[in-house]
Amino acid sequence: MCGIVAYVGPKQAYPILINGLKRLEYRGYDSAGVALLDSFLSVYKTKGKVSELELFVKGLNLSGTIGIAHTRWATHGEPNQVNAHPHYSQSKKIALIHNGIIENYAPLRKELESRGYFFKSSTDTEVLTNLIEDIQINEKVDLFEAVRVALNQVTGAYAIVVMSENDPDTLIAARKGSPLVIGIGKDEYYVASDATPIIEYTKNVVYLDEEEVALIRRDSELKIKNIRNQDKTPYVQKLEMNLNVLEKGGFEHFMLKEIYEQPCSIRDSMRGRIHLELGTVTLGGIIEYEQKLLNANRIIIIACGTSWHAGLVGEYLFEDIARIPVEVEYASEFRYRNPVIYEKDVVIAISQSGETADTLAAIELAKSKGATILGICNVVGSSIPRITHAGTYTHAGPEIGVASTKAFTAQVTVLTLMALRMAQLRGTLSRSRFMQIITELDLIPEKVKETLKVSKRVIEIAEKFKDVRNFLYLGRGYNFPVALEGALKLKEISYIHAEGYPAAEMKHGPIALIDEQMPVVVIATNKGTYDKVLSNIQEVKARKGIVIAIVTEGDREVKRLADYVIEIPETEEMLVPLLATIPLQKLAYHIAVLRGCNVDQPRNLAKSVTVE
Ligand code: G6P
């Protein structure tokens, strides 16, 4: 994880760097630092958030038109000032920021120690910094060459930016496994982990590719080589993002803003893909692979976290309406368990960030066995869309809150479209049923708008239960993944322990937890296994548990049994997750706010997990 920003040009670097770090804080926020080069190279860093770095440097001379900055999510070494980035080399002439993990840092460190290097921190990053310095001194090469040679000696993942007091006009940036984008302005360059710190200055960007090293020099053209010293031509792309998507727009938190954006984000993820008048669904990005999907023996969905929950909804959808067998795998397990993969398998990788290390590794594994890989990602230009055969973007727009909300509903929307397209091609749905479903899907953004009006009820419930220690979430069928996602939201941002369970499985364990203190959230909408869920509610009530039920408007039976009820509009069973998730997001949000938690940046979490 970690966020990287760098600047070289005619302006003062510090304000650009600090603003950039604020935009990237979702990537990690346990320590932060900045290096500036005026007449000499100065590094300022501190434990804590970017705001603490700002306080720390107040009153200091922060001039310099070239600099690098970093916000950290600790991997090697605890989050303290010494381990924070940038790291100086031994001579203090070189400074480096890094996102990723240098796996062979221990032998490299030993080797450097035997040659007289001392290390102040316990990080892998300081090892790389000194390795570069050592190469530069011994091989008498310039900074670019020293970085390139050093990167040939390391294993692991990195996005780095390096600067040197001896070369005050130059930044060297390189990536492998962690993202890096270079913004090209007028006589100036920006470097960052994603485009958000760059967007207000320039729309022209170059995404570095795997194992590429960029030579970024004031007043010179951008030059790129790979670590094997082959020249690469920079491919300049235009950013389509607007600045307002990166601001809170009057909401107290990004998470709340993103919850309220869902009518729009769901609409955006369907835009141009549903054609009601023609009665078709198209997904341009995967059109060339439709035949593969059609002939697939099975679909394997790989993802992590919330994206894995979306994958579970996908499993129900593909099996239910397109009749294709599906397995949903945690990418982190899949990659290490020698899975059986056939060439006729289609793997769908789902990821908001497009950078999750485990998902990337799982894709590479499946690819090496000959499977076709499709991606469902939100961040345009991220790593997963680059390594998959084809894919489709969710178009939910930037999601800043660490807990995923609008990205989840956009993923579910895209999976619904994919399943519908497959059903159409395979002829597993009648024409009239297909039309019924797409007509209803088209109404979902409006129904989400309706669902968002449940605030008062949700706040009442949040106030009542904000101090409990445990929550249980139950659902069946399409609502089982919703229960998992509801529980994940609560634990992520409020730190209350919450478990999601298939309602019928409750009797095989979690029922032992139920007493008069235990809130049980049951998603009990009116289709599918409604009657069975009613019985599950009765089982909870018989043990004096407190039932908070998500029901369909007009429900009577659950209302008679439940202690608290939240209504959502009527819809098709397969589309219920798009509505039922909304009150659960809001419940988690309000509980977290009432508990005084940092909703947008929950402790220990990061939005983009680029380490395993
Ligand atoms: C992190 C985030 C989660 C996210 C998961 C997978 O844990 O905090 O919100 O669901 O990574 O991320 P991805 O970007 O691959 O969807």
# chains A, B, ... in the order shown; residues from 1 in each chain; ligands from 1
>>> closest_atom_pairs(of="chain A", to="ligand 1", cutoff="6 Å", atoms="only C-alpha atoms and all ligand atoms", output="Markdown table")
| residue | atom | partner | partner_atom_place_in_ligand_line | distance |
| --- | --- | --- | --- | --- |
| A:Cys304 | CA | ligand 1 | 6 (C) | 4.6 |
| A:Gly305 | CA | ligand 1 | 10 (O) | 3.8 |
| A:Thr306 | CA | ligand 1 | 10 (O) | 3.7 |
| A:Ser307 | CA | ligand 1 | 16 (O) | 4.7 |
| A:Ser351 | CA | ligand 1 | 16 (O) | 3.5 |
| A:Gln352 | CA | ligand 1 | 16 (O) | 3.7 |
| A:Ser353 | CA | ligand 1 | 14 (O) | 3.5 |
| A:Gly354 | CA | ligand 1 | 14 (O) | 5.5 |
| A:Thr356 | CA | ligand 1 | 15 (O) | 4.6 |
| A:Val402 | CA | ligand 1 | 8 (O) | 5.3 |
| A:Ala403 | CA | ligand 1 | 9 (O) | 4.7 |
| A:Ser404 | CA | ligand 1 | 9 (O) | 4.5 |
| A:Leu605 | CA | ligand 1 | 8 (O) | 5.8 |
| A:Ala606 | CA | ligand 1 | 8 (O) | 5.0 |
| A:Lys607 | CA | ligand 1 | 8 (O) | 4.1 |
| A:Ser608 | CA | ligand 1 | 14 (O) | 5.5 |
| A:Val609 | CA | ligand 1 | 11 (O) | 5.5 |
>>> residues_around(residues="A:Arg72", least_positions_apart="2", cutoff="7 Å", atoms="only C-alpha atoms", output="compact mmCIF listing (two decimals) with C-alpha atoms, in the first residue's frame")
# COMPACT_ATOMS: atom_id res chain seq x y z
CA CYS A 2 1.47 3.41 0.90
CA GLY A 3 1.02 6.54 -1.14
CA GLY A 28 -2.08 4.13 4.37
CA TYR A 29 -1.85 6.60 7.20
CA ASP A 30 0.44 5.41 9.98
CA SER A 31 3.34 7.77 9.22
CA ALA A 32 4.23 10.35 6.61
CA HIS A 70 5.08 9.38 1.25
CA ALA A 74 3.68 -0.38 7.66
CA ALA A 84 8.72 6.39 8.01
>>> select_by_dssp(residues="stretch 300-395 of chain A", states="strand (DSSP E or B)", output="number ranges by chain")
A: 300-303, 326-330, 346-351, 372-377, 390-393
>>> write_last_selection(atoms="N, CA, C and O atoms", output="CSV table (one decimal), in the first residue's frame")
chain,number,residue,atom,x,y,z
A,300,ILE,N,-14.4,-19.3,-12.6
A,300,ILE,CA,-13.8,-19.1,-11.3
A,300,ILE,C,-13.7,-17.6,-11.0
A,300,ILE,O,-13.1,-16.9,-11.8
A,301,ILE,N,-14.3,-17.2,-9.9
A,301,ILE,CA,-14.2,-15.8,-9.6
A,301,ILE,C,-13.2,-15.7,-8.5
A,301,ILE,O,-13.2,-16.4,-7.5
A,302,ILE,N,-12.2,-14.7,-8.7
A,302,ILE,CA,-11.2,-14.5,-7.6
A,302,ILE,C,-11.2,-13.1,-7.2
A,302,ILE,O,-11.4,-12.2,-8.0
A,303,ALA,N,-11.1,-12.9,-5.9
A,303,ALA,CA,-11.2,-11.5,-5.4
A,303,ALA,C,-10.8,-11.5,-3.9
A,303,ALA,O,-10.6,-12.6,-3.3
A,326,VAL,N,-20.0,-22.1,-11.1
A,326,VAL,CA,-19.1,-21.0,-10.6
A,326,VAL,C,-18.5,-21.4,-9.3
A,326,VAL,O,-19.1,-22.0,-8.4
A,327,GLU,N,-17.2,-21.1,-9.2
A,327,GLU,CA,-16.5,-21.2,-7.9
A,327,GLU,C,-16.0,-19.8,-7.5
A,327,GLU,O,-15.5,-19.1,-8.4
A,328,VAL,N,-16.2,-19.5,-6.3
A,328,VAL,CA,-15.7,-18.2,-5.8
A,328,VAL,C,-14.6,-18.4,-4.9
A,328,VAL,O,-14.7,-19.1,-3.9
A,329,GLU,N,-13.4,-17.8,-5.1
A,329,GLU,CA,-12.2,-18.1,-4.4
A,329,GLU,C,-11.6,-16.8,-3.8
A,329,GLU,O,-11.6,-15.8,-4.5
A,330,TYR,N,-11.1,-16.9,-2.6
A,330,TYR,CA,-10.3,-15.8,-2.1
A,330,TYR,C,-9.0,-15.9,-2.8
A,330,TYR,O,-8.3,-17.0,-2.9
A,346,VAL,N,-13.0,-20.0,-17.4
A,346,VAL,CA,-12.9,-18.5,-17.5
A,346,VAL,C,-12.8,-18.0,-16.0
A,346,VAL,O,-13.6,-18.3,-15.2
A,347,VAL,N,-11.7,-17.2,-15.8
A,347,VAL,CA,-11.5,-16.6,-14.5
A,347,VAL,C,-12.0,-15.2,-14.5
A,347,VAL,O,-11.6,-14.4,-15.5
A,348,ILE,N,-12.8,-14.8,-13.6
A,348,ILE,CA,-13.2,-13.4,-13.5
A,348,ILE,C,-12.5,-12.8,-12.2
A,348,ILE,O,-12.8,-13.3,-11.1
A,349,ALA,N,-11.7,-11.8,-12.4
A,349,ALA,CA,-11.0,-11.2,-11.2
A,349,ALA,C,-11.7,-9.9,-10.9
A,349,ALA,O,-11.9,-9.1,-11.8
A,350,ILE,N,-12.2,-9.8,-9.7
A,350,ILE,CA,-12.9,-8.5,-9.3
A,350,ILE,C,-12.1,-7.7,-8.4
A,350,ILE,O,-11.6,-8.3,-7.4
A,351,SER,N,-11.9,-6.4,-8.6
A,351,SER,CA,-11.1,-5.6,-7.7
A,351,SER,C,-11.5,-4.1,-7.9
A,351,SER,O,-11.5,-3.7,-9.1
A,372,THR,N,-8.7,-18.3,-19.5
A,372,THR,CA,-9.0,-16.9,-20.0
A,372,THR,C,-9.4,-16.1,-18.8
A,372,THR,O,-10.1,-16.5,-17.9
A,373,ILE,N,-8.8,-14.9,-18.7
A,373,ILE,CA,-9.0,-14.1,-17.5
A,373,ILE,C,-9.7,-12.8,-17.9
A,373,ILE,O,-9.2,-12.0,-18.8
A,374,LEU,N,-10.8,-12.5,-17.3
A,374,LEU,CA,-11.5,-11.3,-17.5
A,374,LEU,C,-11.5,-10.5,-16.2
A,374,LEU,O,-11.5,-11.1,-15.1
A,375,GLY,N,-11.4,-9.2,-16.3
A,375,GLY,CA,-11.4,-8.3,-15.1
A,375,GLY,C,-12.6,-7.5,-14.9
A,375,GLY,O,-13.3,-7.2,-15.9
A,376,ILE,N,-13.0,-7.3,-13.6
A,376,ILE,CA,-14.0,-6.3,-13.3
A,376,ILE,C,-13.4,-5.3,-12.3
A,376,ILE,O,-13.2,-5.7,-11.2
A,377,CYS,N,-13.0,-4.1,-12.8
A,377,CYS,CA,-12.2,-3.2,-12.0
A,377,CYS,C,-12.9,-1.8,-12.0
A,377,CYS,O,-13.6,-1.5,-12.9
A,390,ALA,N,-9.2,-9.5,-21.1
A,390,ALA,CA,-10.2,-8.5,-21.4
A,390,ALA,C,-11.0,-8.1,-20.1
A,390,ALA,O,-10.7,-8.8,-19.1
A,391,GLY,N,-11.9,-7.2,-20.2
A,391,GLY,CA,-12.5,-6.9,-18.9
A,391,GLY,C,-13.5,-5.8,-19.1
A,391,GLY,O,-13.7,-5.2,-20.2
A,392,THR,N,-14.1,-5.4,-18.0
A,392,THR,CA,-15.1,-4.4,-18.0
A,392,THR,C,-14.9,-3.5,-16.8
A,392,THR,O,-14.7,-4.0,-15.7
A,393,TYR,N,-15.0,-2.2,-17.0
A,393,TYR,CA,-14.8,-1.3,-15.8
A,393,TYR,C,-16.2,-1.1,-15.2
A,393,TYR,O,-17.2,-1.1,-15.8
>>> residues_around(residues="stretch 564-580 of chain A", least_positions_apart="5", cutoff="9 Å", atoms="only C-alpha atoms", output="compact mmCIF listing (two decimals) with N, CA, C and O atoms, in the first residue's frame")
# COMPACT_ATOMS: atom_id res chain seq x y z
N ILE A 266 -24.49 3.36 -9.82
CA ILE A 266 -25.10 2.15 -10.41
C ILE A 266 -25.56 2.46 -11.84
O ILE A 266 -25.35 1.68 -12.76
N VAL A 313 -22.21 -12.91 -4.93
CA VAL A 313 -23.49 -12.57 -5.59
C VAL A 313 -23.40 -13.04 -7.05
O VAL A 313 -24.36 -13.61 -7.60
N TYR A 316 -24.27 -16.72 -7.48
CA TYR A 316 -25.72 -16.98 -7.51
C TYR A 316 -26.29 -16.58 -8.86
O TYR A 316 -27.11 -17.30 -9.44
N LEU A 317 -25.85 -15.44 -9.38
CA LEU A 317 -26.40 -14.93 -10.64
C LEU A 317 -26.07 -15.85 -11.82
O LEU A 317 -26.95 -16.25 -12.58
N ASP A 320 -27.83 -19.19 -11.41
CA ASP A 320 -29.28 -19.08 -11.45
C ASP A 320 -29.78 -18.79 -12.86
O ASP A 320 -30.63 -19.51 -13.39
N PHE A 408 -18.88 -1.72 -4.45
CA PHE A 408 -19.54 -3.02 -4.31
C PHE A 408 -20.81 -3.07 -5.16
O PHE A 408 -21.01 -4.01 -5.94
N THR A 409 -21.66 -2.07 -5.03
CA THR A 409 -22.92 -2.13 -5.79
C THR A 409 -22.64 -2.04 -7.30
O THR A 409 -23.36 -2.64 -8.10
N ALA A 410 -21.58 -1.33 -7.67
CA ALA A 410 -21.23 -1.28 -9.11
C ALA A 410 -20.73 -2.64 -9.59
O ALA A 410 -21.06 -3.09 -10.69
N VAL A 412 -21.62 -5.53 -8.36
CA VAL A 412 -22.79 -6.42 -8.45
C VAL A 412 -23.59 -6.09 -9.71
O VAL A 412 -24.08 -6.99 -10.41
N THR A 413 -23.68 -4.79 -10.03
CA THR A 413 -24.41 -4.40 -11.24
C THR A 413 -23.75 -5.01 -12.48
O THR A 413 -24.42 -5.59 -13.35
N THR A 416 -24.31 -8.63 -12.74
CA THR A 416 -25.69 -8.90 -13.18
C THR A 416 -25.78 -8.78 -14.70
O THR A 416 -26.36 -9.63 -15.38
N ILE A 437 -36.43 -8.74 -16.31
CA ILE A 437 -35.28 -8.49 -15.43
C ILE A 437 -34.56 -7.19 -15.84
O ILE A 437 -34.24 -6.36 -14.99
N GLU A 440 -36.48 -4.17 -14.81
CA GLU A 440 -36.37 -3.93 -13.37
C GLU A 440 -34.97 -3.39 -13.01
O GLU A 440 -34.84 -2.49 -12.19
N LEU A 441 -33.95 -3.94 -13.66
CA LEU A 441 -32.58 -3.48 -13.38
C LEU A 441 -32.46 -1.98 -13.69
O LEU A 441 -31.83 -1.22 -12.94
N ILE A 444 -33.48 0.19 -10.87
CA ILE A 444 -32.77 0.06 -9.59
C ILE A 444 -32.20 1.39 -9.08
O ILE A 444 -32.35 1.71 -7.90
N LYS A 447 -34.79 3.08 -7.22
CA LYS A 447 -35.14 2.36 -5.98
C LYS A 447 -34.05 2.52 -4.92
O LYS A 447 -34.34 2.52 -3.73
N VAL A 448 -32.81 2.66 -5.38
CA VAL A 448 -31.72 2.93 -4.42
C VAL A 448 -31.96 4.30 -3.78
O VAL A 448 -31.81 4.48 -2.57
N GLU A 450 -34.79 5.71 -3.24
CA GLU A 450 -35.85 5.48 -2.24
C GLU A 450 -35.26 4.88 -0.97
O GLU A 450 -35.54 5.30 0.14
N THR A 451 -34.42 3.86 -1.18
CA THR A 451 -33.84 3.12 -0.05
C THR A 451 -33.00 4.04 0.82
O THR A 451 -32.95 3.88 2.04
N VAL A 454 -34.04 5.86 4.30
CA VAL A 454 -34.28 5.17 5.58
C VAL A 454 -33.51 5.76 6.76
O VAL A 454 -33.57 5.22 7.86
N ARG A 457 -34.75 5.91 10.71
CA ARG A 457 -34.88 4.59 11.34
C ARG A 457 -33.49 4.00 11.66
O ARG A 457 -33.26 3.49 12.74
N VAL A 458 -32.61 4.15 10.68
CA VAL A 458 -31.26 3.58 10.85
C VAL A 458 -30.54 4.28 12.00
O VAL A 458 -29.88 3.63 12.83
N ILE A 461 -31.72 3.01 15.32
CA ILE A 461 -31.15 1.68 15.62
C ILE A 461 -29.68 1.82 16.00
O ILE A 461 -29.20 1.20 16.95
N TYR A 478 -29.39 -15.09 -2.31
CA TYR A 478 -28.76 -13.84 -2.73
C TYR A 478 -28.45 -12.92 -1.54
O TYR A 478 -27.61 -12.04 -1.64
N ASN A 479 -29.16 -13.13 -0.44
CA ASN A 479 -28.94 -12.24 0.71
C ASN A 479 -27.84 -12.73 1.65
O ASN A 479 -27.49 -12.02 2.59
N PRO A 481 -24.52 -13.22 0.77
CA PRO A 481 -23.39 -12.29 0.61
C PRO A 481 -23.68 -10.90 1.18
O PRO A 481 -22.78 -10.21 1.64
N VAL A 482 -24.96 -10.50 1.15
CA VAL A 482 -25.32 -9.19 1.71
C VAL A 482 -25.05 -9.19 3.23
O VAL A 482 -24.55 -8.22 3.80
N ILE A 523 -31.64 -10.31 6.88
CA ILE A 523 -32.15 -9.78 5.61
C ILE A 523 -33.25 -10.74 5.19
O ILE A 523 -32.99 -11.89 4.82
N THR A 525 -36.12 -10.45 2.90
CA THR A 525 -36.97 -9.89 1.84
C THR A 525 -37.92 -10.98 1.32
O THR A 525 -37.72 -12.17 1.58
N ASN A 526 -38.92 -10.56 0.56
CA ASN A 526 -40.09 -11.41 0.39
C ASN A 526 -40.01 -12.54 -0.64
O ASN A 526 -40.99 -13.21 -0.87
N LYS A 527 -38.85 -12.77 -1.25
CA LYS A 527 -38.80 -13.84 -2.27
C LYS A 527 -37.92 -14.99 -1.80
O LYS A 527 -37.45 -14.99 -0.66
N GLY A 528 -37.70 -15.95 -2.67
CA GLY A 528 -36.78 -17.06 -2.39
C GLY A 528 -37.13 -17.81 -1.13
O GLY A 528 -38.23 -18.37 -1.01
N ILE A 546 -32.26 -10.08 19.73
CA ILE A 546 -32.93 -8.86 19.23
C ILE A 546 -32.85 -8.89 17.71
O ILE A 546 -31.74 -8.93 17.16
N VAL A 547 -33.99 -8.86 17.04
CA VAL A 547 -33.97 -8.97 15.58
C VAL A 547 -34.17 -7.60 14.92
O VAL A 547 -35.13 -6.89 15.20
N ILE A 548 -33.20 -7.26 14.07
CA ILE A 548 -33.31 -6.06 13.23
C ILE A 548 -33.49 -6.61 11.81
O ILE A 548 -32.56 -7.24 11.28
N ALA A 549 -34.65 -6.41 11.23
CA ALA A 549 -34.90 -7.07 9.94
C ALA A 549 -34.95 -6.07 8.80
O ALA A 549 -35.49 -4.97 8.93
N ILE A 550 -34.35 -6.48 7.68
CA ILE A 550 -34.47 -5.72 6.42
C ILE A 550 -35.56 -6.44 5.64
O ILE A 550 -35.40 -7.62 5.28
N VAL A 551 -36.68 -5.77 5.42
CA VAL A 551 -37.82 -6.42 4.77
C VAL A 551 -38.26 -5.66 3.53
O VAL A 551 -37.89 -4.51 3.33
N THR A 552 -39.11 -6.33 2.76
CA THR A 552 -39.70 -5.67 1.59
C THR A 552 -40.87 -4.81 2.06
O THR A 552 -41.63 -5.24 2.95
N GLU A 553 -41.00 -3.65 1.44
CA GLU A 553 -42.11 -2.74 1.74
C GLU A 553 -43.42 -3.52 1.85
O GLU A 553 -43.72 -4.35 0.98
N GLY A 554 -44.20 -3.24 2.87
CA GLY A 554 -45.51 -3.88 3.00
C GLY A 554 -45.46 -5.23 3.70
O GLY A 554 -46.50 -5.87 3.89
N ASP A 555 -44.30 -5.68 4.10
CA ASP A 555 -44.19 -6.98 4.78
C ASP A 555 -45.01 -6.97 6.08
O ASP A 555 -45.06 -5.97 6.79
N VAL A 558 -42.77 -10.72 9.01
CA VAL A 558 -41.52 -10.47 9.74
C VAL A 558 -41.75 -9.35 10.75
O VAL A 558 -41.27 -9.40 11.88
N LYS A 559 -42.53 -8.36 10.32
CA LYS A 559 -42.80 -7.22 11.20
C LYS A 559 -43.36 -7.67 12.54
O LYS A 559 -43.08 -7.07 13.58
>>> residues_around(residues="A:Ala371", least_positions_apart="6", cutoff="12 Å", atoms="only C-alpha atoms", output="NGL selection string")
:A and (289 or 292-293 or 296-300 or 340-348 or 362-365 or 388-389)
>>> write_last_selection(atoms="C-alpha atoms", output="tab-separated table (two decimals), in the first residue's frame")
chain	number	residue	atom	x	y	z
A	289	TYR	CA	-14.36	-13.20	-25.31
A	292	LYS	CA	-14.98	-18.30	-24.47
A	293	LEU	CA	-17.54	-17.53	-21.79
A	296	ALA	CA	-16.58	-22.26	-20.47
A	297	ASN	CA	-16.68	-25.40	-18.34
A	298	ARG	CA	-16.96	-23.21	-15.34
A	299	ILE	CA	-16.26	-19.72	-14.11
A	300	ILE	CA	-13.80	-19.13	-11.29
A	340	VAL	CA	-6.93	-27.36	-10.75
A	341	ILE	CA	-7.37	-24.98	-13.68
A	342	TYR	CA	-8.36	-25.99	-17.21
A	343	GLU	CA	-7.90	-24.07	-20.42
A	344	LYS	CA	-11.66	-23.95	-20.80
A	345	ASP	CA	-12.06	-22.20	-17.48
A	346	VAL	CA	-12.89	-18.53	-17.47
A	347	VAL	CA	-11.52	-16.64	-14.49
A	348	ILE	CA	-13.19	-13.39	-13.48
A	362	ALA	CA	-3.89	-15.36	-8.61
A	363	ILE	CA	-4.47	-13.96	-12.12
A	364	GLU	CA	-0.88	-14.71	-13.13
A	365	LEU	CA	-1.24	-18.26	-11.86
A	388	THR	CA	-6.20	-9.61	-17.96
A	389	HIS	CA	-7.21	-10.75	-21.46
>>> decode(residues="stretch 453-523 of chain A", atoms="C-alpha atoms", output="mmCIF file, in the first residue's frame")
data_model
loop_
_atom_site.group_PDB
_atom_site.id
_atom_site.type_symbol
_atom_site.label_atom_id
_atom_site.label_comp_id
_atom_site.auth_asym_id
_atom_site.auth_seq_id
_atom_site.Cartn_x
_atom_site.Cartn_y
_atom_site.Cartn_z
ATOM 1 C CA LYS A 453 -34.406 7.646 2.674
ATOM 2 C CA VAL A 454 -34.285 5.169 5.582
ATOM 3 C CA SER A 455 -31.917 7.411 7.570
ATOM 4 C CA LYS A 456 -34.141 8.220 10.576
ATOM 5 C CA ARG A 457 -34.884 4.593 11.343
ATOM 6 C CA VAL A 458 -31.262 3.579 10.851
ATOM 7 C CA ILE A 459 -29.995 6.342 13.170
ATOM 8 C CA GLU A 460 -32.468 5.213 15.878
ATOM 9 C CA ILE A 461 -31.150 1.684 15.619
ATOM 10 C CA ALA A 462 -27.540 2.892 15.563
ATOM 11 C CA GLU A 463 -28.091 4.896 18.758
ATOM 12 C CA LYS A 464 -29.621 1.912 20.479
ATOM 13 C CA PHE A 465 -26.839 -0.523 19.590
ATOM 14 C CA LYS A 466 -23.702 1.592 19.280
ATOM 15 C CA ASP A 467 -22.222 0.168 22.476
ATOM 16 C CA VAL A 468 -22.779 -3.558 21.969
ATOM 17 C CA ARG A 469 -19.751 -5.779 21.463
ATOM 18 C CA ASN A 470 -21.134 -8.248 18.930
ATOM 19 C CA PHE A 471 -23.515 -8.330 16.001
ATOM 20 C CA LEU A 472 -24.727 -11.230 13.914
ATOM 21 C CA TYR A 473 -25.894 -10.805 10.291
ATOM 22 C CA LEU A 474 -28.001 -13.486 8.635
ATOM 23 C CA GLY A 475 -29.238 -13.980 5.097
ATOM 24 C CA ARG A 476 -29.953 -16.776 2.648
ATOM 25 C CA GLY A 477 -29.536 -17.161 -1.093
ATOM 26 C CA TYR A 478 -28.757 -13.840 -2.731
ATOM 27 C CA ASN A 479 -28.935 -12.244 0.708
ATOM 28 C CA PHE A 480 -26.182 -14.363 2.223
ATOM 29 C CA PRO A 481 -23.386 -12.290 0.610
ATOM 30 C CA VAL A 482 -25.321 -9.190 1.713
ATOM 31 C CA ALA A 483 -25.112 -10.434 5.320
ATOM 32 C CA LEU A 484 -21.353 -10.949 4.931
ATOM 33 C CA GLU A 485 -20.910 -7.494 3.468
ATOM 34 C CA GLY A 486 -23.071 -5.862 6.171
ATOM 35 C CA ALA A 487 -20.988 -7.516 8.896
ATOM 36 C CA LEU A 488 -17.718 -6.547 7.195
ATOM 37 C CA LYS A 489 -18.792 -2.898 6.961
ATOM 38 C CA LEU A 490 -19.610 -2.795 10.667
ATOM 39 C CA LYS A 491 -16.370 -4.357 11.846
ATOM 40 C CA GLU A 492 -14.205 -2.345 9.454
ATOM 41 C CA ILE A 493 -15.334 1.061 10.595
ATOM 42 C CA SER A 494 -16.850 0.680 14.092
ATOM 43 C CA TYR A 495 -14.547 -2.088 15.440
ATOM 44 C CA ILE A 496 -17.583 -3.978 16.760
ATOM 45 C CA HIS A 497 -17.183 -7.678 16.199
ATOM 46 C CA ALA A 498 -19.701 -8.783 13.589
ATOM 47 C CA GLU A 499 -20.231 -12.084 11.816
ATOM 48 C CA GLY A 500 -22.142 -12.771 8.650
ATOM 49 C CA TYR A 501 -23.706 -16.204 8.341
ATOM 50 C CA PRO A 502 -26.064 -18.127 6.085
ATOM 51 C CA ALA A 503 -29.254 -17.983 8.184
ATOM 52 C CA ALA A 504 -29.737 -21.746 8.244
ATOM 53 C CA GLU A 505 -26.197 -22.363 9.415
ATOM 54 C CA MET A 506 -26.855 -20.352 12.561
ATOM 55 C CA LYS A 507 -28.106 -23.469 14.316
ATOM 56 C CA HIS A 508 -24.710 -25.130 13.786
ATOM 57 C CA GLY A 509 -22.832 -22.726 16.007
ATOM 58 C CA PRO A 510 -23.656 -19.028 16.238
ATOM 59 C CA ILE A 511 -26.991 -19.784 17.898
ATOM 60 C CA ALA A 512 -24.967 -20.439 21.053
ATOM 61 C CA LEU A 513 -24.159 -16.709 21.147
ATOM 62 C CA ILE A 514 -27.734 -15.550 21.142
ATOM 63 C CA ASP A 515 -29.136 -13.987 24.299
ATOM 64 C CA GLU A 516 -31.112 -10.859 25.133
ATOM 65 C CA GLN A 517 -28.044 -8.664 24.452
ATOM 66 C CA MET A 518 -27.356 -9.911 20.929
ATOM 67 C CA PRO A 519 -28.554 -7.870 17.935
ATOM 68 C CA VAL A 520 -29.178 -10.078 14.913
ATOM 69 C CA VAL A 521 -29.598 -8.331 11.577
ATOM 70 C CA VAL A 522 -31.677 -10.537 9.282
ATOM 71 C CA ILE A 523 -32.145 -9.780 5.613
#
